[in-house]
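Data file: run.txt. Format and content: compact mmCIF, C-alpha atoms.
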```
# COMPACT_ATOMS: atom_id res chain seq x y z
CA MET A 11 61.77 18.93 42.44
CA LYS A 12 60.23 19.06 45.91
CA LYS A 13 59.19 15.89 47.68
CA MET A 14 55.46 15.21 47.36
CA ASN A 15 53.11 13.09 49.39
CA ASP A 16 51.05 10.24 47.89
CA GLU A 17 48.05 12.39 47.07
CA GLU A 18 50.14 15.06 45.37
CA ILE A 19 52.10 12.49 43.36
CA GLN A 20 48.91 10.83 42.11
CA LYS A 21 47.44 14.18 41.12
CA TRP A 22 50.69 15.22 39.45
CA LEU A 23 50.85 11.99 37.45
CA GLU A 24 47.22 12.34 36.34
CA GLU A 25 48.03 15.77 34.94
CA ASN A 26 51.60 15.42 33.69
CA ARG A 27 52.24 11.78 32.80
CA GLN A 28 51.85 12.19 29.07
CA GLN A 29 54.27 15.11 28.89
CA ASN A 30 57.50 13.19 29.55
CA THR A 31 58.55 15.57 32.29
CA GLU A 32 60.92 14.62 35.09
CA LEU A 33 59.27 12.61 37.84
CA PRO A 34 59.01 14.24 41.27
CA GLU A 35 60.91 12.78 44.19
CA GLY A 36 59.48 10.26 46.63
CA ASP A 37 57.27 7.41 45.47
CA ALA A 38 56.71 8.87 42.00
CA LYS A 39 58.63 6.08 40.24
CA ALA A 40 56.50 3.40 41.90
CA TYR A 41 53.32 5.28 41.06
CA ASP A 42 54.41 5.89 37.48
CA PHE A 43 55.06 2.16 37.09
CA LEU A 44 51.70 1.38 38.67
CA PHE A 45 49.88 3.77 36.32
CA ASN A 46 51.53 1.98 33.37
CA LEU A 47 50.37 -1.38 34.70
CA LEU A 48 46.83 -0.12 35.33
CA GLU A 49 46.62 1.02 31.72
CA THR A 50 47.78 -2.36 30.41
CA GLU A 51 44.86 -4.13 28.78
CA PRO A 52 44.13 -7.71 29.92
CA ASP A 53 45.39 -10.52 27.70
CA ASN A 54 41.99 -12.16 27.45
CA GLY A 55 39.09 -10.65 25.57
CA LEU A 56 35.84 -11.43 23.85
CA PRO A 57 35.91 -13.83 20.87
CA TYR A 58 36.52 -12.27 17.44
CA ASP A 59 32.96 -13.08 16.31
CA PHE A 60 31.30 -11.59 19.39
CA ALA A 61 29.57 -8.77 17.48
CA ALA A 62 28.16 -11.23 14.93
CA LYS A 63 26.88 -13.49 17.75
CA VAL A 64 25.12 -10.61 19.51
CA THR A 65 23.58 -9.43 16.25
CA ARG A 66 22.27 -12.94 15.50
CA LYS A 67 20.82 -13.17 19.00
CA VAL A 68 19.06 -9.80 18.64
CA GLN A 69 17.70 -10.81 15.22
CA ALA A 70 16.42 -14.12 16.62
CA GLU A 71 14.70 -12.30 19.48
CA GLN A 72 13.13 -9.80 17.07
CA LYS A 73 11.88 -12.69 14.94
CA ARG A 74 10.38 -14.44 17.98
CA ASN A 75 8.62 -11.26 19.06
CA SER A 76 7.21 -10.61 15.60
CA GLU A 77 6.01 -14.24 15.35
CA LEU A 78 4.30 -13.95 18.73
CA ARG A 79 2.70 -10.67 17.66
CA SER A 80 1.43 -12.20 14.43
CA TYR A 81 0.00 -15.21 16.31
CA LEU A 82 -1.88 -12.91 18.68
CA ILE A 83 -3.18 -10.79 15.78
CA SER A 84 -4.27 -13.94 13.90
CA MET A 85 -6.11 -15.21 16.97
CA ALA A 86 -7.85 -11.88 17.45
CA VAL A 87 -8.86 -11.79 13.75
CA VAL A 88 -10.19 -15.38 13.85
CA THR A 89 -12.18 -14.61 17.03
CA VAL A 90 -13.70 -11.50 15.44
CA ILE A 91 -14.58 -13.43 12.23
CA ILE A 92 -16.24 -16.24 14.21
CA ALA A 93 -18.18 -13.69 16.28
CA CYS A 94 -19.34 -11.90 13.10
CA ILE A 95 -20.41 -15.18 11.42
CA TYR A 96 -22.29 -16.20 14.55
CA GLY A 97 -23.93 -12.76 14.77
CA LEU A 98 -25.06 -12.94 11.13
CA LEU A 99 -26.26 -16.53 11.59
CA SER A 100 -28.32 -15.57 14.64
CA MET A 101 -29.99 -12.83 12.60
CA VAL A 102 -30.75 -15.12 9.61
CA LYS A 103 -31.35 -18.51 11.27
CA ASN A 104 -31.83 -17.97 14.97
CA GLN A 105 -32.77 -21.60 15.76
CA GLN A 106 -29.58 -22.98 14.17
CA SER A 107 -27.41 -20.46 15.99
CA ILE A 108 -28.90 -21.57 19.32
CA GLY A 109 -28.11 -25.18 18.36
CA ILE A 110 -24.45 -24.26 17.57
CA LEU A 111 -24.17 -22.40 20.86
CA SER A 112 -25.46 -25.38 22.80
CA VAL A 113 -22.90 -27.66 21.06
CA ILE A 114 -20.13 -25.20 21.98
CA ILE A 115 -21.34 -25.13 25.58
CA GLU A 116 -21.51 -28.93 25.70
CA TYR A 117 -17.94 -29.35 24.45
CA LYS A 118 -16.54 -26.24 26.12
CA TRP A 119 -13.83 -28.09 28.07
CA ALA A 120 -12.59 -29.90 24.97
CA LEU A 121 -12.41 -26.56 23.13
CA ILE A 122 -10.67 -24.78 26.02
CA LEU A 123 -8.18 -27.66 26.39
CA SER A 124 -7.41 -27.61 22.65
CA ILE A 125 -6.77 -23.87 22.63
CA PHE A 126 -4.71 -24.09 25.83
CA SER A 127 -2.58 -26.97 24.43
CA LEU A 128 -1.97 -25.10 21.20
CA LEU A 129 -0.84 -21.97 23.05
CA THR A 130 1.36 -23.98 25.43
CA ILE A 131 3.12 -25.76 22.56
CA GLN A 132 3.66 -22.40 20.87
CA TYR A 133 5.00 -20.84 24.09
CA LEU A 134 7.39 -23.75 24.80
CA ASP A 135 8.63 -23.67 21.23
CA THR A 136 9.39 -19.95 21.59
CA THR A 137 10.98 -19.97 25.03
CA LEU A 138 12.73 -23.33 25.30
CA ILE A 139 13.74 -24.24 21.79
CA LYS A 140 14.15 -21.15 19.62
CA SER A 141 15.64 -18.97 22.38
CA ASN A 142 18.39 -21.55 23.02
CA ILE A 143 19.42 -21.96 19.41
CA PHE A 144 22.07 -19.22 19.56
CA LYS A 145 23.05 -19.67 23.17
CA ARG A 146 26.83 -20.16 23.43
CA HIS A 147 27.20 -20.45 19.64
CA MET B 7 19.43 2.03 14.13
CA ASN B 8 16.07 0.31 14.52
CA GLY B 9 16.16 -2.52 12.00
CA ASP B 10 19.64 -1.71 10.74
CA MET B 11 21.57 -4.66 12.08
CA ARG B 12 24.79 -3.76 10.29
CA ALA B 13 24.91 -0.46 12.14
CA PHE B 14 24.26 -2.30 15.40
CA GLU B 15 27.05 -4.79 14.67
CA LEU B 16 29.44 -1.88 14.11
CA LEU B 17 28.32 -0.34 17.39
CA VAL B 18 29.03 -3.64 19.19
CA LYS B 19 32.48 -3.83 17.57
CA GLN B 20 33.24 -0.28 18.66
CA TYR B 21 32.23 -0.69 22.29
CA GLU B 22 32.84 -4.39 23.03
CA ARG B 23 36.21 -3.70 24.64
CA LEU B 24 34.73 -1.03 26.90
CA VAL B 25 31.98 -3.41 28.03
CA TYR B 26 34.42 -6.30 28.42
CA PHE B 27 36.76 -4.29 30.65
CA VAL B 28 33.92 -3.26 32.98
CA VAL B 29 32.24 -6.68 33.16
CA ASN B 30 35.49 -8.64 33.38
CA ARG B 31 36.61 -6.71 36.43
CA LEU B 32 33.21 -6.98 38.13
CA VAL B 33 32.39 -10.61 37.42
CA ARG B 34 35.02 -13.09 38.50
CA GLU B 35 33.71 -16.10 36.57
CA PRO B 36 35.31 -15.99 33.10
CA ASP B 37 32.62 -18.34 31.74
CA ASP B 38 29.89 -15.84 32.58
CA VAL B 39 31.64 -12.73 31.26
CA GLU B 40 30.73 -13.30 27.60
CA ASP B 41 27.08 -14.02 28.43
CA ILE B 42 26.84 -10.84 30.50
CA CYS B 43 28.50 -8.80 27.73
CA GLN B 44 25.87 -10.19 25.32
CA GLU B 45 23.13 -9.23 27.77
CA VAL B 46 24.56 -5.69 27.94
CA PHE B 47 24.38 -5.23 24.17
CA ILE B 48 20.88 -6.71 23.97
CA LYS B 49 19.83 -4.13 26.58
CA VAL B 50 21.60 -1.43 24.55
CA HIS B 51 19.66 -2.50 21.44
CA LYS B 52 16.35 -2.49 23.28
CA SER B 53 16.89 0.90 24.93
CA LEU B 54 18.71 2.73 22.15
CA PHE B 55 15.57 4.66 21.20
CA ARG B 56 15.60 6.11 24.74
CA PHE B 57 19.16 7.45 24.43
CA SER B 58 18.75 11.20 24.32
CA PHE B 59 22.35 12.31 23.56
CA GLN B 60 22.49 14.16 26.88
CA SER B 61 25.62 12.18 27.67
CA LYS B 62 28.28 10.44 25.58
CA LEU B 63 27.20 7.11 24.08
CA SER B 64 30.23 5.45 25.71
CA THR B 65 29.17 6.72 29.14
CA TRP B 66 25.63 5.42 28.60
CA ILE B 67 26.86 1.98 27.48
CA ALA B 68 29.33 1.81 30.38
CA GLN B 69 26.45 2.61 32.75
CA ILE B 70 24.42 -0.31 31.36
CA ALA B 71 27.47 -2.60 31.64
CA TYR B 72 28.14 -1.51 35.23
CA PHE B 73 24.57 -2.08 36.44
CA THR B 74 24.23 -5.37 34.57
CA GLY B 75 27.42 -6.60 36.28
CA ILE B 76 26.26 -5.38 39.70
CA ASN B 77 22.85 -7.03 39.25
CA TYR B 78 24.55 -10.29 38.32
CA ILE B 79 26.70 -10.18 41.46
CA LYS B 80 23.65 -9.46 43.62
CA LYS B 81 21.41 -12.00 41.89
CA TYR B 82 23.79 -14.92 42.18
CA LYS B 83 25.41 -13.71 45.42
CA LYS B 84 28.77 -14.33 43.82
CA GLU B 85 30.39 -11.89 46.15
CA ILE B 86 29.64 -11.04 49.75
CA LEU B 87 30.27 -7.33 49.85
CA SER B 88 30.47 -7.24 53.65
CA ASP B 89 33.60 -9.44 53.44
CA TYR B 90 35.63 -6.32 52.83
CA PRO B 91 36.85 -4.21 55.73
CA ASP B 92 35.50 -0.67 56.04
CA ASP B 93 39.06 0.55 56.28
CA ILE B 94 40.58 -0.51 52.97
CA GLU B 95 44.09 0.43 54.11
CA ASN B 96 44.02 -2.65 56.34
CA TYR B 97 43.04 -4.93 53.51
CA HIS B 98 45.09 -8.11 53.15
CA PHE B 99 45.50 -9.68 49.77
CA THR B 100 45.58 -13.44 49.55
CA ASN B 101 47.97 -13.57 46.60
CA ASP B 102 50.97 -11.79 48.01
CA ASN B 103 53.96 -13.19 46.24
CA PRO B 104 55.63 -10.56 44.05
CA GLU B 105 59.09 -12.17 44.08
CA GLN B 106 58.51 -14.14 40.91
CA LEU B 107 57.67 -11.13 38.76
CA LEU B 108 60.35 -10.97 36.12
CA THR B 109 58.83 -8.83 33.39
CA LYS B 110 56.34 -6.02 33.05
CA LYS B 111 53.81 -8.57 31.83
CA ASP B 112 54.22 -10.57 35.03
CA ALA B 113 53.80 -7.39 37.01
CA ALA B 114 50.65 -6.51 35.03
CA ASN B 115 49.21 -9.96 35.76
CA TYR B 116 50.13 -9.59 39.43
CA VAL B 117 48.41 -6.19 39.64
CA GLU B 118 45.41 -7.65 37.79
CA GLN B 119 45.12 -10.36 40.46
CA LEU B 120 45.41 -7.74 43.21
CA ILE B 121 42.70 -5.59 41.58
CA LEU B 122 40.36 -8.60 41.38
CA GLN B 123 40.65 -8.95 45.15
CA LEU B 124 39.60 -5.37 45.81
CA PRO B 125 35.96 -4.50 46.64
CA GLU B 126 33.83 -4.09 43.51
CA LYS B 127 33.52 -0.30 43.79
CA TYR B 128 37.31 0.09 43.86
CA ARG B 129 37.67 -2.33 40.93
CA THR B 130 35.10 -0.41 38.93
CA VAL B 131 36.60 3.01 39.59
CA ILE B 132 40.14 1.84 38.79
CA THR B 133 38.95 0.18 35.57
CA LEU B 134 36.81 3.05 34.34
CA PHE B 135 39.53 5.61 35.06
CA HIS B 136 42.65 3.81 33.85
CA LEU B 137 41.45 1.29 31.26
CA ASN B 138 38.42 3.06 29.83
CA GLU B 139 39.90 6.54 30.35
CA PHE B 140 36.75 8.11 31.76
CA SER B 141 37.03 11.25 33.88
CA CYS B 142 35.87 11.29 37.53
CA GLU B 143 32.81 13.28 36.41
CA GLU B 144 31.91 10.63 33.83
CA ILE B 145 32.51 7.81 36.34
CA SER B 146 30.12 9.60 38.69
CA GLU B 147 27.53 9.65 35.90
CA ILE B 148 28.07 5.95 35.16
CA THR B 149 28.03 4.59 38.72
CA GLY B 150 25.94 7.19 40.54
CA MET B 151 28.68 7.63 43.15
CA PRO B 152 29.64 11.18 44.19
CA GLU B 153 32.79 12.53 42.54
CA GLY B 154 34.51 12.95 45.91
CA THR B 155 33.95 9.29 46.74
CA ILE B 156 35.36 8.25 43.37
CA LYS B 157 38.50 10.34 43.93
CA SER B 158 38.88 8.83 47.39
CA TYR B 159 38.46 5.25 46.08
CA LEU B 160 40.97 5.94 43.32
CA PHE B 161 43.52 7.36 45.75
CA ARG B 162 43.17 4.56 48.29
CA ALA B 163 43.21 1.76 45.73
CA ARG B 164 46.30 3.15 43.98
CA LYS B 165 48.09 3.66 47.32
CA LEU B 166 47.33 0.09 48.32
CA LEU B 167 48.51 -1.29 44.97
CA LYS B 168 51.59 0.92 44.97
CA GLU B 169 52.63 -0.44 48.36
CA LYS B 170 52.33 -3.97 46.99
CA ILE B 171 54.43 -3.38 43.89
CA GLU B 172 56.92 -1.12 45.68
CA ALA B 173 58.67 -4.06 47.34
CA HIS B 174 58.85 -5.65 43.95
CA LEU B 175 60.25 -2.48 42.34
CA LYS B 176 63.04 -2.34 44.88
CA GLY B 177 64.11 -5.72 43.48
CA GLU B 178 64.83 -3.81 40.24
CA LEU B 179 62.12 -4.78 37.82
CA ILE B 180 62.62 -3.55 34.27
```

Written as structure tokens, how would this file's structure read?
Amino acid sequence: MKKMNDEEIQKWLEENRQQNTELPEGDAKAYDFLFNLLETEPDNGLPYDFAAKVTRKVQAEQKRNSELRSYLISMAVVTVIIACIYGLLSMVKNQQSIGILSVIIEYKWALILSIFSLLTIQYLDTTLIKSNIFKRH
Amino acid sequence: MNGDMRAFELLVKQYERLVYFVVNRLVREPDDVEDICQEVFIKVHKSLFRFSFQSKLSTWIAQIAYFTGINYIKKYKKEILSDYPDDIENYHFTNDNPEQLLTKKDAANYVEQLILQLPEKYRTVITLFHLNEFSCEEISEITGMPEGTIKSYLFRARKLLKEKIEAHLKGELI
């Protein structure tokens, strides 16, 4: 077989390696050996339970997202209900509704702080605690 | 697939080796490899509804693995890409001691160490072609590199590695 250059040998091996044909002259033996080594899989790999771990992580994330969604929906529903009750109250007993509004305005910072604290606790619980449960396990 | 976690677990089992090969060759920190592989499959799960079967699923997953690995390298600056010479033929490996290679396994480990010292594009191309058995066309789809560039990287990397193991072969390895 005629002597080939590096490029020709590489191309030849890509096309003919599996067919057990005689190697061309030149550096073909070295390249053939190299191709064998390049196809050797590394000794290390992912742990045997890798797929189960990933699945658990995805499930945990899905659960977190659905919990967050349900919290937001609940908050929206509660807000709408309160608004409706207040609207009805203002139609039936206007004086009392003004009184309630003035109490809300007076304690607005306490109310805002309570809502903000509740949301912060919920957020920290979701991001810092639940998201780390499956990390590296 | 949406909601069917058993099907997803089977998908992970089927492609975890593919993802591991790509990430392991890109990311040099063994401790981070598993985390990045997990991130790849979480991305796969989130984007599976966007997969349009225009390419093979393996190509699509390899693409996600490749870009996740590259982003990790860039984000944590684990590798300074400019450290590599433009002319790869003049590249000098730090681990250059093939005399102690007694078996094919030793030689495989030696070549593995040499590959890990190559620039990331060469490592990726060599891995995708030889370990994952993708064609140059598929590698182009995965990495976004032109096919000609891939062929050139493959040729130069193999030539460089061949020169390194050649001296060793002359010492009559099995």

* Structure fact -> note - atom CA of A:Gln28 and atom CA of B:Ser141 are separated by 15.6 Å

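Distance check against A:Pro52 using all atoms listed in the file: of B:Leu120, B:Leu137, B:Ile79, B:Ile132, the minimum falls on B:Leu137.
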
* Asked: Within 8 Å of chain A, which residues of chain B show up when using only C-alpha atoms, listed as an MDAnalysis selection string?
  -> chainID B and resid 11 14:16 18:19 22:23 26 40:41 44 47:48 51 110 113:114 117:118 132:133 136:137 161 164:165 167:168 171:172 175

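Coordinates place atom CA of A:Phe126 at a distance of 27.5 Å from atom CA of A:Ser100.
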
* So which residues are close to (25.3, -3.9, 35.0), meaning at most 12 Å away in the file's coordinates with all atoms listed in the file counted, and can you show them as number ranges by chain? -> B: 25-26, 28-33, 39, 42-47, 49-50, 66-81, 130, 148-149

* Asked: So what do you get for atom CA of B:Thr65 versus atom CA of B:Asp38, distance-wise?
  -> 22.8 Å
